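Asks: Structure supplied as coords_19.cif; contents: mmCIF, C-alpha atoms and all ligand atoms; chains and numbers go by the auth columns.
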data_target
#
loop_
_atom_site.group_PDB
_atom_site.id
_atom_site.type_symbol
_atom_site.label_atom_id
_atom_site.label_comp_id
_atom_site.label_asym_id
_atom_site.label_seq_id
_atom_site.Cartn_x
_atom_site.Cartn_y
_atom_site.Cartn_z
_atom_site.B_iso_or_equiv
_atom_site.auth_seq_id
_atom_site.auth_asym_id
ATOM 1 C CA MET A 1 175.590 -42.418 58.865 0.00 1 A
ATOM 2 C CA LEU A 2 174.315 -42.641 62.421 0.00 2 A
ATOM 3 C CA SER A 3 173.326 -46.178 63.460 0.00 3 A
ATOM 4 C CA GLU A 4 169.924 -46.717 65.069 0.00 4 A
ATOM 5 C CA LYS A 5 171.614 -47.917 68.240 0.00 5 A
ATOM 6 C CA LEU A 6 173.873 -44.891 68.565 0.00 6 A
ATOM 7 C CA GLN A 7 171.059 -42.510 67.636 0.00 7 A
ATOM 8 C CA ASP A 8 168.927 -44.016 70.405 0.00 8 A
ATOM 9 C CA ALA A 9 171.757 -43.652 72.939 0.00 9 A
ATOM 10 C CA LEU A 10 172.423 -40.039 71.885 0.00 10 A
ATOM 11 C CA ASN A 11 168.748 -39.162 72.243 0.00 11 A
ATOM 12 C CA GLU A 12 168.758 -40.744 75.689 0.00 12 A
ATOM 13 C CA GLN A 13 171.781 -38.691 76.714 0.00 13 A
ATOM 14 C CA MET A 14 170.151 -35.527 75.354 0.00 14 A
ATOM 15 C CA LYS A 15 167.297 -36.276 77.750 0.00 15 A
ATOM 16 C CA ASN A 16 169.770 -36.805 80.622 0.00 16 A
ATOM 17 C CA GLU A 17 171.297 -33.394 79.954 0.00 17 A
ATOM 18 C CA PHE A 18 167.913 -31.647 79.966 0.00 18 A
ATOM 19 C CA TYR A 19 167.023 -33.583 83.114 0.00 19 A
ATOM 20 C CA SER A 20 170.232 -32.237 84.670 0.00 20 A
ATOM 21 C CA ALA A 21 169.022 -28.699 83.940 0.00 21 A
ATOM 22 C CA TYR A 22 165.730 -29.536 85.624 0.00 22 A
ATOM 23 C CA LEU A 23 167.508 -30.969 88.681 0.00 23 A
ATOM 24 C CA TYR A 24 169.753 -27.935 89.082 0.00 24 A
ATOM 25 C CA MET A 25 166.784 -25.586 88.744 0.00 25 A
ATOM 26 C CA ALA A 26 165.186 -27.540 91.625 0.00 26 A
ATOM 27 C CA MET A 27 168.350 -26.986 93.659 0.00 27 A
ATOM 28 C CA SER A 28 168.401 -23.306 92.710 0.00 28 A
ATOM 29 C CA GLY A 29 164.840 -22.912 93.938 0.00 29 A
ATOM 30 C CA TYR A 30 165.756 -24.599 97.205 0.00 30 A
ATOM 31 C CA PHE A 31 168.710 -22.237 97.769 0.00 31 A
ATOM 32 C CA GLN A 32 166.535 -19.261 96.895 0.00 32 A
ATOM 33 C CA SER A 33 164.054 -20.346 99.579 0.00 33 A
ATOM 34 C CA GLU A 34 166.922 -20.554 102.066 0.00 34 A
ATOM 35 C CA ASP A 35 168.005 -16.955 101.338 0.00 35 A
ATOM 36 C CA LEU A 36 171.264 -18.074 99.752 0.00 36 A
ATOM 37 C CA PRO A 37 171.167 -16.084 96.482 0.00 37 A
ATOM 38 C CA GLY A 38 174.773 -16.877 95.549 0.00 38 A
ATOM 39 C CA PHE A 39 174.181 -20.647 95.734 0.00 39 A
ATOM 40 C CA ALA A 40 170.890 -20.159 93.880 0.00 40 A
ATOM 41 C CA SER A 41 172.624 -18.210 91.119 0.00 41 A
ATOM 42 C CA TRP A 42 175.421 -20.789 90.816 0.00 42 A
ATOM 43 C CA MET A 43 172.860 -23.556 90.348 0.00 43 A
ATOM 44 C CA ARG A 44 170.891 -21.512 87.862 0.00 44 A
ATOM 45 C CA ILE A 45 174.010 -21.052 85.773 0.00 45 A
ATOM 46 C CA GLN A 46 174.685 -24.775 86.106 0.00 46 A
ATOM 47 C CA ALA A 47 171.179 -25.404 84.751 0.00 47 A
ATOM 48 C CA LEU A 48 171.851 -23.050 81.811 0.00 48 A
ATOM 49 C CA GLU A 49 175.035 -24.970 81.040 0.00 49 A
ATOM 50 C CA GLU A 50 173.114 -28.227 81.042 0.00 50 A
ATOM 51 C CA MET A 51 170.685 -26.768 78.519 0.00 51 A
ATOM 52 C CA THR A 52 173.626 -26.058 76.214 0.00 52 A
ATOM 53 C CA HIS A 53 174.803 -29.655 76.720 0.00 53 A
ATOM 54 C CA GLY A 54 171.391 -30.937 75.668 0.00 54 A
ATOM 55 C CA GLU A 55 171.539 -28.647 72.643 0.00 55 A
ATOM 56 C CA LYS A 56 174.933 -30.039 71.670 0.00 56 A
ATOM 57 C CA PHE A 57 173.408 -33.499 71.372 0.00 57 A
ATOM 58 C CA PHE A 58 170.402 -32.075 69.532 0.00 58 A
ATOM 59 C CA ASN A 59 172.625 -30.230 67.059 0.00 59 A
ATOM 60 C CA PHE A 60 174.877 -33.221 66.489 0.00 60 A
ATOM 61 C CA ILE A 61 171.980 -35.572 65.749 0.00 61 A
ATOM 62 C CA CYS A 62 170.575 -33.005 63.279 0.00 62 A
ATOM 63 C CA ASP A 63 173.977 -32.371 61.684 0.00 63 A
ATOM 64 C CA VAL A 64 174.457 -36.054 60.843 0.00 64 A
ATOM 65 C CA ASP A 65 170.926 -36.325 59.437 0.00 65 A
ATOM 66 C CA GLY A 66 169.667 -38.346 62.380 0.00 66 A
ATOM 67 C CA ARG A 67 166.286 -38.034 64.043 0.00 67 A
ATOM 68 C CA THR A 68 165.922 -36.246 67.358 0.00 68 A
ATOM 69 C CA GLU A 69 163.422 -37.541 69.880 0.00 69 A
ATOM 70 C CA MET A 70 162.349 -35.569 72.927 0.00 70 A
ATOM 71 C CA ARG A 71 161.701 -38.054 75.709 0.00 71 A
ATOM 72 C CA GLU A 72 159.825 -37.900 78.961 0.00 72 A
ATOM 73 C CA ILE A 73 161.695 -36.218 81.799 0.00 73 A
ATOM 74 C CA ILE A 74 160.840 -37.382 85.311 0.00 74 A
ATOM 75 C CA ALA A 75 160.478 -34.981 88.238 0.00 75 A
ATOM 76 C CA PRO A 76 163.803 -34.370 89.962 0.00 76 A
ATOM 77 C CA LYS A 77 164.394 -34.457 93.710 0.00 77 A
ATOM 78 C CA ASN A 78 162.944 -31.292 95.262 0.00 78 A
ATOM 79 C CA ASP A 79 163.389 -31.839 98.983 0.00 79 A
ATOM 80 C CA PHE A 80 166.814 -30.658 100.041 0.00 80 A
ATOM 81 C CA GLN A 81 167.862 -30.192 103.664 0.00 81 A
ATOM 82 C CA SER A 82 171.092 -28.195 103.623 0.00 82 A
ATOM 83 C CA PRO A 83 173.813 -27.096 101.169 0.00 83 A
ATOM 84 C CA LEU A 84 176.325 -29.913 101.771 0.00 84 A
ATOM 85 C CA PRO A 85 174.055 -32.890 100.965 0.00 85 A
ATOM 86 C CA THR A 86 172.595 -30.904 98.066 0.00 86 A
ATOM 87 C CA PHE A 87 176.021 -30.567 96.453 0.00 87 A
ATOM 88 C CA GLN A 88 176.846 -34.183 97.310 0.00 88 A
ATOM 89 C CA PHE A 89 173.675 -35.208 95.487 0.00 89 A
ATOM 90 C CA GLY A 90 174.802 -33.065 92.553 0.00 90 A
ATOM 91 C CA LEU A 91 178.220 -34.740 92.500 0.00 91 A
ATOM 92 C CA GLU A 92 176.630 -38.200 92.468 0.00 92 A
ATOM 93 C CA HIS A 93 174.480 -37.089 89.557 0.00 93 A
ATOM 94 C CA GLU A 94 177.545 -35.832 87.682 0.00 94 A
ATOM 95 C CA LYS A 95 179.260 -39.194 88.247 0.00 95 A
ATOM 96 C CA PHE A 96 176.213 -40.878 86.743 0.00 96 A
ATOM 97 C CA VAL A 97 176.433 -38.536 83.728 0.00 97 A
ATOM 98 C CA SER A 98 180.170 -39.236 83.336 0.00 98 A
ATOM 99 C CA ASP A 99 179.446 -42.959 83.301 0.00 99 A
ATOM 100 C CA ARG A 100 176.793 -42.470 80.599 0.00 100 A
ATOM 101 C CA ILE A 101 179.194 -40.395 78.488 0.00 101 A
ATOM 102 C CA HIS A 102 181.917 -43.042 78.807 0.00 102 A
ATOM 103 C CA LYS A 103 179.493 -45.775 77.740 0.00 103 A
ATOM 104 C CA LEU A 104 178.424 -43.626 74.782 0.00 104 A
ATOM 105 C CA MET A 105 182.064 -43.210 73.793 0.00 105 A
ATOM 106 C CA ASP A 106 182.538 -47.004 74.013 0.00 106 A
ATOM 107 C CA LEU A 107 179.570 -47.469 71.691 0.00 107 A
ATOM 108 C CA ALA A 108 180.801 -44.827 69.220 0.00 108 A
ATOM 109 C CA GLN A 109 184.190 -46.592 69.154 0.00 109 A
ATOM 110 C CA GLU A 110 182.618 -50.019 68.653 0.00 110 A
ATOM 111 C CA GLU A 111 180.673 -48.593 65.736 0.00 111 A
ATOM 112 C CA ARG A 112 183.709 -46.735 64.380 0.00 112 A
ATOM 113 C CA ASP A 113 181.680 -43.524 64.280 0.00 113 A
ATOM 114 C CA HIS A 114 184.502 -41.003 64.244 0.00 114 A
ATOM 115 C CA ALA A 115 182.323 -37.892 64.152 0.00 115 A
ATOM 116 C CA ALA A 116 180.441 -39.016 67.265 0.00 116 A
ATOM 117 C CA GLN A 117 183.733 -39.786 69.010 0.00 117 A
ATOM 118 C CA ILE A 118 185.019 -36.265 68.378 0.00 118 A
ATOM 119 C CA MET A 119 181.773 -34.743 69.643 0.00 119 A
ATOM 120 C CA LEU A 120 181.821 -36.976 72.730 0.00 120 A
ATOM 121 C CA GLN A 121 185.449 -36.113 73.472 0.00 121 A
ATOM 122 C CA TRP A 122 184.256 -32.619 74.444 0.00 122 A
ATOM 123 C CA PHE A 123 181.901 -34.184 76.981 0.00 123 A
ATOM 124 C CA VAL A 124 184.587 -36.470 78.435 0.00 124 A
ATOM 125 C CA THR A 125 186.690 -33.378 79.201 0.00 125 A
ATOM 126 C CA GLU A 126 183.671 -31.404 80.390 0.00 126 A
ATOM 127 C CA GLN A 127 182.698 -34.121 82.871 0.00 127 A
ATOM 128 C CA VAL A 128 186.122 -33.974 84.516 0.00 128 A
ATOM 129 C CA GLU A 129 185.503 -30.254 85.077 0.00 129 A
ATOM 130 C CA GLU A 130 181.930 -30.811 86.243 0.00 130 A
ATOM 131 C CA GLU A 131 182.917 -33.343 88.900 0.00 131 A
ATOM 132 C CA SER A 132 185.850 -31.185 89.951 0.00 132 A
ATOM 133 C CA SER A 133 183.750 -28.047 90.477 0.00 133 A
ATOM 134 C CA PHE A 134 181.178 -29.932 92.593 0.00 134 A
ATOM 135 C CA SER A 135 183.956 -31.592 94.626 0.00 135 A
ATOM 136 C CA LEU A 136 185.661 -28.264 95.290 0.00 136 A
ATOM 137 C CA ILE A 137 182.455 -26.707 96.632 0.00 137 A
ATOM 138 C CA ILE A 138 181.797 -29.810 98.767 0.00 138 A
ATOM 139 C CA ARG A 139 185.239 -29.429 100.369 0.00 139 A
ATOM 140 C CA LYS A 140 184.547 -25.753 101.062 0.00 140 A
ATOM 141 C CA LEU A 141 181.158 -26.600 102.573 0.00 141 A
ATOM 142 C CA GLN A 142 182.764 -29.222 104.803 0.00 142 A
ATOM 143 C CA ARG A 143 185.193 -26.570 106.029 0.00 143 A
ATOM 144 C CA VAL A 144 182.485 -24.028 106.886 0.00 144 A
ATOM 145 C CA GLU A 145 180.035 -26.503 108.432 0.00 145 A
ATOM 146 C CA GLY A 146 178.309 -24.903 111.425 0.00 146 A
ATOM 147 C CA ASP A 147 179.868 -21.512 110.653 0.00 147 A
ATOM 148 C CA GLY A 148 177.088 -19.173 109.480 0.00 148 A
ATOM 149 C CA ARG A 149 179.481 -16.389 108.544 0.00 149 A
ATOM 150 C CA GLY A 150 181.610 -18.783 106.514 0.00 150 A
ATOM 151 C CA LEU A 151 178.490 -19.942 104.679 0.00 151 A
ATOM 152 C CA LEU A 152 177.543 -16.363 103.809 0.00 152 A
ATOM 153 C CA LEU A 153 181.044 -15.691 102.491 0.00 153 A
ATOM 154 C CA LEU A 154 180.833 -18.823 100.362 0.00 154 A
ATOM 155 C CA ASP A 155 177.425 -17.654 99.145 0.00 155 A
ATOM 156 C CA GLN A 156 179.010 -14.397 98.008 0.00 156 A
ATOM 157 C CA GLU A 157 181.820 -16.285 96.283 0.00 157 A
ATOM 158 C CA LEU A 158 179.445 -18.576 94.384 0.00 158 A
ATOM 159 C CA GLY A 159 177.385 -15.552 93.365 0.00 159 A
ATOM 160 C CA GLN A 160 180.363 -14.353 91.289 0.00 160 A
ATOM 161 C CA ARG A 161 179.971 -17.168 88.780 0.00 161 A
ATOM 162 C CA VAL A 162 179.002 -16.003 85.291 0.00 162 A
ATOM 163 C CA PHE A 163 177.459 -17.992 82.485 0.00 163 A
ATOM 164 C CA VAL A 164 179.873 -18.648 79.639 0.00 164 A
ATOM 165 C CA PRO A 165 178.251 -20.204 76.547 0.00 165 A
ATOM 166 C CA PRO A 166 180.372 -23.176 75.334 0.00 166 A
ATOM 167 C CA ALA A 167 181.043 -21.542 71.944 0.00 167 A
ATOM 168 C CA ALA A 168 182.741 -18.608 73.672 0.00 168 A
ATOM 169 C CA GLU A 169 184.996 -20.800 75.843 0.00 169 A
HETATM 170 FE FE1 LIG B . 176.048 -31.988 81.284 0.00 1 D
HETATM 171 FE FE2 LIG B . 176.673 -31.728 84.201 0.00 1 D
HETATM 172 O O1 LIG B . 176.472 -32.878 82.755 0.00 1 D
#
Have the structure of the file written as structure tokens, please.

Replies:
Amino acid sequence: MLSEKLQDALNEQMKNEFYSAYLYMAMSGYFQSEDLPGFASWMRIQALEEMTHGEKFFNFICDVDGRTEMREIIAPKNDFQSPLPTFQFGLEHEKFVSDRIHKLMDLAQEERDHAAQIMLQWFVTEQVEEESSFSLIIRKLQRVEGDGRGLLLLDQELGQRVFVPPAAE
């Protein structure tokens, strides 16, 4: 049985995941406007992944007979200046999400909710990957700074990313 407190925190995290999708769509639109289709595609796939993360919380709350609540999502940042600070902003956001997931896990442990802990374990692992993929691209962007050709090559590389639904991983 899901406690009210944990249900509230899970609904809040579901909102954070859908907000993440919204933020990465904003970044995708920015890259599209800068004629960087590979970066735009990468961010679009990131947004799709975030939608599946939100759905995982939705499905879990339903599966344990809890009550889902769709909450207000604020407008994300839309004004981006160049690729490097955009990805740095994304990394900071992922660190925020990791912190929220860890606090959720602490709460699930305090409440001895084993099912929630198992579900959240997936997110703990996922966040390590999320931060790592943003960090890797930041390092590449730092290397190509001021090199237009290098940026175009990186754009091509990021354009190779394909969307893999979590269930097929
Ligand atoms: Fe679902 Fe990127 O956090």

Asks: What lies within 10 Å of A:Gln46 using all atoms listed in the file, ignoring chain neighbours under 5 positions off, as an MDAnalysis selection string?

Replies: chainID A and resid 20:21 23:25 28 40:41 51 130 161:163

Asks: Around ligand LIG 1 (chain D), at most 7 Å away and counting all atoms listed in the file, which residues are there? Put them as a VMD selection string, please.

Replies: chain A and resid 17 20 50 53 94 97 127 130

Asks: Kindly list the centre and edge lengths in Å, rounded to one decimal, for the axis-aligned box that covers all listed atoms of stretch 97-116 of chain A plus 8 Å on each of its six sides, as AutoDock Vina command-line options.

Replies:
--center_x 180.5 --center_y -44.0 --center_z 73.9 --size_x 24.1 --size_y 28.1 --size_z 35.6

Asks: What does the distance from atom CA of A:Glu49 to atom CA of A:Glu145 come to in Å, to one decimal?

Replies: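 Atom-to-atom, atom CA of A:Glu49 and atom CA of A:Glu145 are spaced 27.9 Å apart.
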
Asks: Can you tell me, as a VMD selection string, which residues sit within 10 Å of (171.0, -38.1, 75.5) in the file's frame, using all atoms listed in the file?

Replies: chain A and resid 7 to 19 53 to 58 68 to 71 97 100 to 101 104

Asks: How would the residues just chosen look if you wrote them out with C-alpha atoms as an mmCIF file, in the coordinates of the input?

Replies:
data_model
loop_
_atom_site.group_PDB
_atom_site.id
_atom_site.type_symbol
_atom_site.label_atom_id
_atom_site.label_comp_id
_atom_site.auth_asym_id
_atom_site.auth_seq_id
_atom_site.Cartn_x
_atom_site.Cartn_y
_atom_site.Cartn_z
ATOM 1 C CA GLN A 7 171.059 -42.510 67.636
ATOM 2 C CA ASP A 8 168.927 -44.016 70.405
ATOM 3 C CA ALA A 9 171.757 -43.652 72.939
ATOM 4 C CA LEU A 10 172.423 -40.039 71.885
ATOM 5 C CA ASN A 11 168.748 -39.162 72.243
ATOM 6 C CA GLU A 12 168.758 -40.744 75.689
ATOM 7 C CA GLN A 13 171.781 -38.691 76.714
ATOM 8 C CA MET A 14 170.151 -35.527 75.354
ATOM 9 C CA LYS A 15 167.297 -36.276 77.750
ATOM 10 C CA ASN A 16 169.770 -36.805 80.622
ATOM 11 C CA GLU A 17 171.297 -33.394 79.954
ATOM 12 C CA PHE A 18 167.913 -31.647 79.966
ATOM 13 C CA TYR A 19 167.023 -33.583 83.114
ATOM 14 C CA HIS A 53 174.803 -29.655 76.720
ATOM 15 C CA GLY A 54 171.391 -30.937 75.668
ATOM 16 C CA GLU A 55 171.539 -28.647 72.643
ATOM 17 C CA LYS A 56 174.933 -30.039 71.670
ATOM 18 C CA PHE A 57 173.408 -33.499 71.372
ATOM 19 C CA PHE A 58 170.402 -32.075 69.532
ATOM 20 C CA THR A 68 165.922 -36.246 67.358
ATOM 21 C CA GLU A 69 163.422 -37.541 69.880
ATOM 22 C CA MET A 70 162.349 -35.569 72.927
ATOM 23 C CA ARG A 71 161.701 -38.054 75.709
ATOM 24 C CA VAL A 97 176.433 -38.536 83.728
ATOM 25 C CA ARG A 100 176.793 -42.470 80.599
ATOM 26 C CA ILE A 101 179.194 -40.395 78.488
ATOM 27 C CA LEU A 104 178.424 -43.626 74.782
#

Asks: Which of these, A:Met43, A:Ala108, A:Met119, A:Leu153, has the shortest distance to A:Phe134 once you count only C-alpha atoms?

Replies: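 Of all the options, A:Met43 lies closest to A:Phe134.
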
Asks: Run through the PyMOL selection byres (((chain A and resi 82) around 12) and not hetatm) on the given coordinates and return the selected residues as a PyMOL selection string.

Replies: chain A and resi 27+30-31+33-36+39+79-81+83-89+138+141-142+145-146+151

Asks: When distances are computed from all atoms listed in the file, which of A:Lys95, A:Arg149, A:Arg143, A:Lys103 shows the smallest separation from A:Glu126?

Replies: A:Lys95

Asks: Quick one, how far is atom CA of A:Ala75 from atom CA of A:Gly29?

Replies: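 About the pair atom CA of A:Ala75 and atom CA of A:Gly29: they are 14.0 Å apart.
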
Asks: Work out how far apart atom CA of A:Pro37 and atom CA of A:Pro166 are and give it in Å to one decimal.

Replies: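 Going from atom CA of A:Pro37 over to atom CA of A:Pro166, I get 24.1 Å.
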
Asks: With distances taken over all atoms listed in the file, which residue among A:Val144, A:Ala115, A:Ile137, A:Ala47 lies nearest A:Leu158?

Replies: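 Nearest candidate to A:Leu158 out of A:Val144, A:Ala115, A:Ile137, A:Ala47: A:Ile137.
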
Asks: What's the 10 Å shell around A:Glu111, counting all atoms listed in the file, without same-chain residues fewer than 6 positions away, as a ChimeraX atom specification?

Replies: /A:2-3,5-6,105,117

Asks: All heavy atoms are needed for stretch 136-147 of chain A; please write them out as an mmCIF file, in the coordinates of the input.

Replies:
data_model
loop_
_atom_site.group_PDB
_atom_site.id
_atom_site.type_symbol
_atom_site.label_atom_id
_atom_site.label_comp_id
_atom_site.auth_asym_id
_atom_site.auth_seq_id
_atom_site.Cartn_x
_atom_site.Cartn_y
_atom_site.Cartn_z
ATOM 1 N N LEU A 136 185.021 -29.419 94.656
ATOM 2 C CA LEU A 136 185.661 -28.264 95.290
ATOM 3 C C LEU A 136 184.677 -27.565 96.241
ATOM 4 O O LEU A 136 185.033 -27.226 97.382
ATOM 5 C CB LEU A 136 186.150 -27.283 94.210
ATOM 6 C CG LEU A 136 186.818 -26.007 94.724
ATOM 7 C CD1 LEU A 136 188.094 -26.341 95.484
ATOM 8 C CD2 LEU A 136 187.136 -25.055 93.570
ATOM 9 N N ILE A 137 183.451 -27.381 95.784
ATOM 10 C CA ILE A 137 182.455 -26.707 96.632
ATOM 11 C C ILE A 137 182.106 -27.588 97.834
ATOM 12 O O ILE A 137 181.922 -27.093 98.948
ATOM 13 C CB ILE A 137 181.215 -26.310 95.805
ATOM 14 C CG1 ILE A 137 181.621 -25.256 94.773
ATOM 15 C CG2 ILE A 137 180.103 -25.757 96.711
ATOM 16 C CD1 ILE A 137 180.589 -24.961 93.711
ATOM 17 N N ILE A 138 182.066 -28.895 97.641
ATOM 18 C CA ILE A 138 181.797 -29.810 98.767
ATOM 19 C C ILE A 138 182.891 -29.662 99.826
ATOM 20 O O ILE A 138 182.608 -29.576 101.024
ATOM 21 C CB ILE A 138 181.700 -31.277 98.262
ATOM 22 C CG1 ILE A 138 180.366 -31.471 97.539
ATOM 23 C CG2 ILE A 138 181.843 -32.272 99.409
ATOM 24 C CD1 ILE A 138 180.244 -32.774 96.778
ATOM 25 N N ARG A 139 184.137 -29.581 99.394
ATOM 26 C CA ARG A 139 185.239 -29.429 100.369
ATOM 27 C C ARG A 139 185.108 -28.100 101.115
ATOM 28 O O ARG A 139 185.342 -28.029 102.329
ATOM 29 C CB ARG A 139 186.594 -29.532 99.669
ATOM 30 C CG ARG A 139 186.929 -30.958 99.217
ATOM 31 C CD ARG A 139 188.415 -31.127 98.931
ATOM 32 N NE ARG A 139 188.874 -30.296 97.823
ATOM 33 C CZ ARG A 139 188.724 -30.603 96.527
ATOM 34 N NH1 ARG A 139 188.117 -31.726 96.171
ATOM 35 N NH2 ARG A 139 189.167 -29.804 95.588
ATOM 36 N N LYS A 140 184.732 -27.062 100.406
ATOM 37 C CA LYS A 140 184.547 -25.753 101.062
ATOM 38 C C LYS A 140 183.388 -25.818 102.056
ATOM 39 O O LYS A 140 183.474 -25.279 103.161
ATOM 40 C CB LYS A 140 184.299 -24.659 100.016
ATOM 41 C CG LYS A 140 185.541 -24.334 99.207
ATOM 42 C CD LYS A 140 185.291 -23.216 98.214
ATOM 43 C CE LYS A 140 186.578 -22.872 97.476
ATOM 44 N NZ LYS A 140 186.431 -21.772 96.531
ATOM 45 N N LEU A 141 182.315 -26.488 101.671
ATOM 46 C CA LEU A 141 181.158 -26.600 102.573
ATOM 47 C C LEU A 141 181.521 -27.403 103.821
ATOM 48 O O LEU A 141 181.063 -27.103 104.919
ATOM 49 C CB LEU A 141 179.982 -27.260 101.841
ATOM 50 C CG LEU A 141 179.177 -26.340 100.924
ATOM 51 C CD1 LEU A 141 178.264 -27.144 100.010
ATOM 52 C CD2 LEU A 141 178.362 -25.338 101.752
ATOM 53 N N GLN A 142 182.344 -28.425 103.636
ATOM 54 C CA GLN A 142 182.764 -29.222 104.803
ATOM 55 C C GLN A 142 183.581 -28.372 105.765
ATOM 56 O O GLN A 142 183.495 -28.516 106.968
ATOM 57 C CB GLN A 142 183.566 -30.453 104.338
ATOM 58 C CG GLN A 142 182.662 -31.529 103.758
ATOM 59 C CD GLN A 142 183.406 -32.610 102.999
ATOM 60 O OE1 GLN A 142 184.520 -32.381 102.490
ATOM 61 N NE2 GLN A 142 182.806 -33.786 102.889
ATOM 62 N N ARG A 143 184.356 -27.433 105.204
ATOM 63 C CA ARG A 143 185.193 -26.570 106.029
ATOM 64 C C ARG A 143 184.360 -25.553 106.814
ATOM 65 O O ARG A 143 184.709 -25.195 107.929
ATOM 66 C CB ARG A 143 186.218 -25.838 105.146
ATOM 67 C CG ARG A 143 187.643 -26.065 105.607
ATOM 68 C CD ARG A 143 188.621 -25.465 104.636
ATOM 69 N NE ARG A 143 188.889 -26.344 103.520
ATOM 70 C CZ ARG A 143 189.109 -25.961 102.270
ATOM 71 N NH1 ARG A 143 189.078 -24.704 101.930
ATOM 72 N NH2 ARG A 143 189.385 -26.830 101.341
ATOM 73 N N VAL A 144 183.269 -25.078 106.220
ATOM 74 C CA VAL A 144 182.485 -24.028 106.886
ATOM 75 C C VAL A 144 181.295 -24.584 107.677
ATOM 76 O O VAL A 144 180.490 -23.821 108.183
ATOM 77 C CB VAL A 144 181.968 -22.953 105.895
ATOM 78 C CG1 VAL A 144 183.108 -22.333 105.135
ATOM 79 C CG2 VAL A 144 180.904 -23.501 104.966
ATOM 80 N N GLU A 145 181.196 -25.901 107.775
ATOM 81 C CA GLU A 145 180.035 -26.503 108.432
ATOM 82 C C GLU A 145 179.830 -25.926 109.840
ATOM 83 O O GLU A 145 180.770 -25.885 110.649
ATOM 84 C CB GLU A 145 180.162 -28.020 108.498
ATOM 85 C CG GLU A 145 178.808 -28.671 108.495
ATOM 86 C CD GLU A 145 178.851 -30.167 108.212
ATOM 87 O OE1 GLU A 145 179.934 -30.760 108.322
ATOM 88 O OE2 GLU A 145 177.785 -30.709 107.895
ATOM 89 N N GLY A 146 178.625 -25.456 110.112
ATOM 90 C CA GLY A 146 178.309 -24.903 111.425
ATOM 91 C C GLY A 146 178.749 -23.463 111.610
ATOM 92 O O GLY A 146 178.533 -22.867 112.664
ATOM 93 N N ASP A 147 179.360 -22.880 110.574
ATOM 94 C CA ASP A 147 179.868 -21.512 110.653
ATOM 95 C C ASP A 147 179.024 -20.638 109.713
ATOM 96 O O ASP A 147 179.256 -20.609 108.506
ATOM 97 C CB ASP A 147 181.358 -21.524 110.245
ATOM 98 C CG ASP A 147 181.917 -20.115 110.065
ATOM 99 O OD1 ASP A 147 181.241 -19.137 110.436
ATOM 100 O OD2 ASP A 147 183.050 -20.003 109.549
#
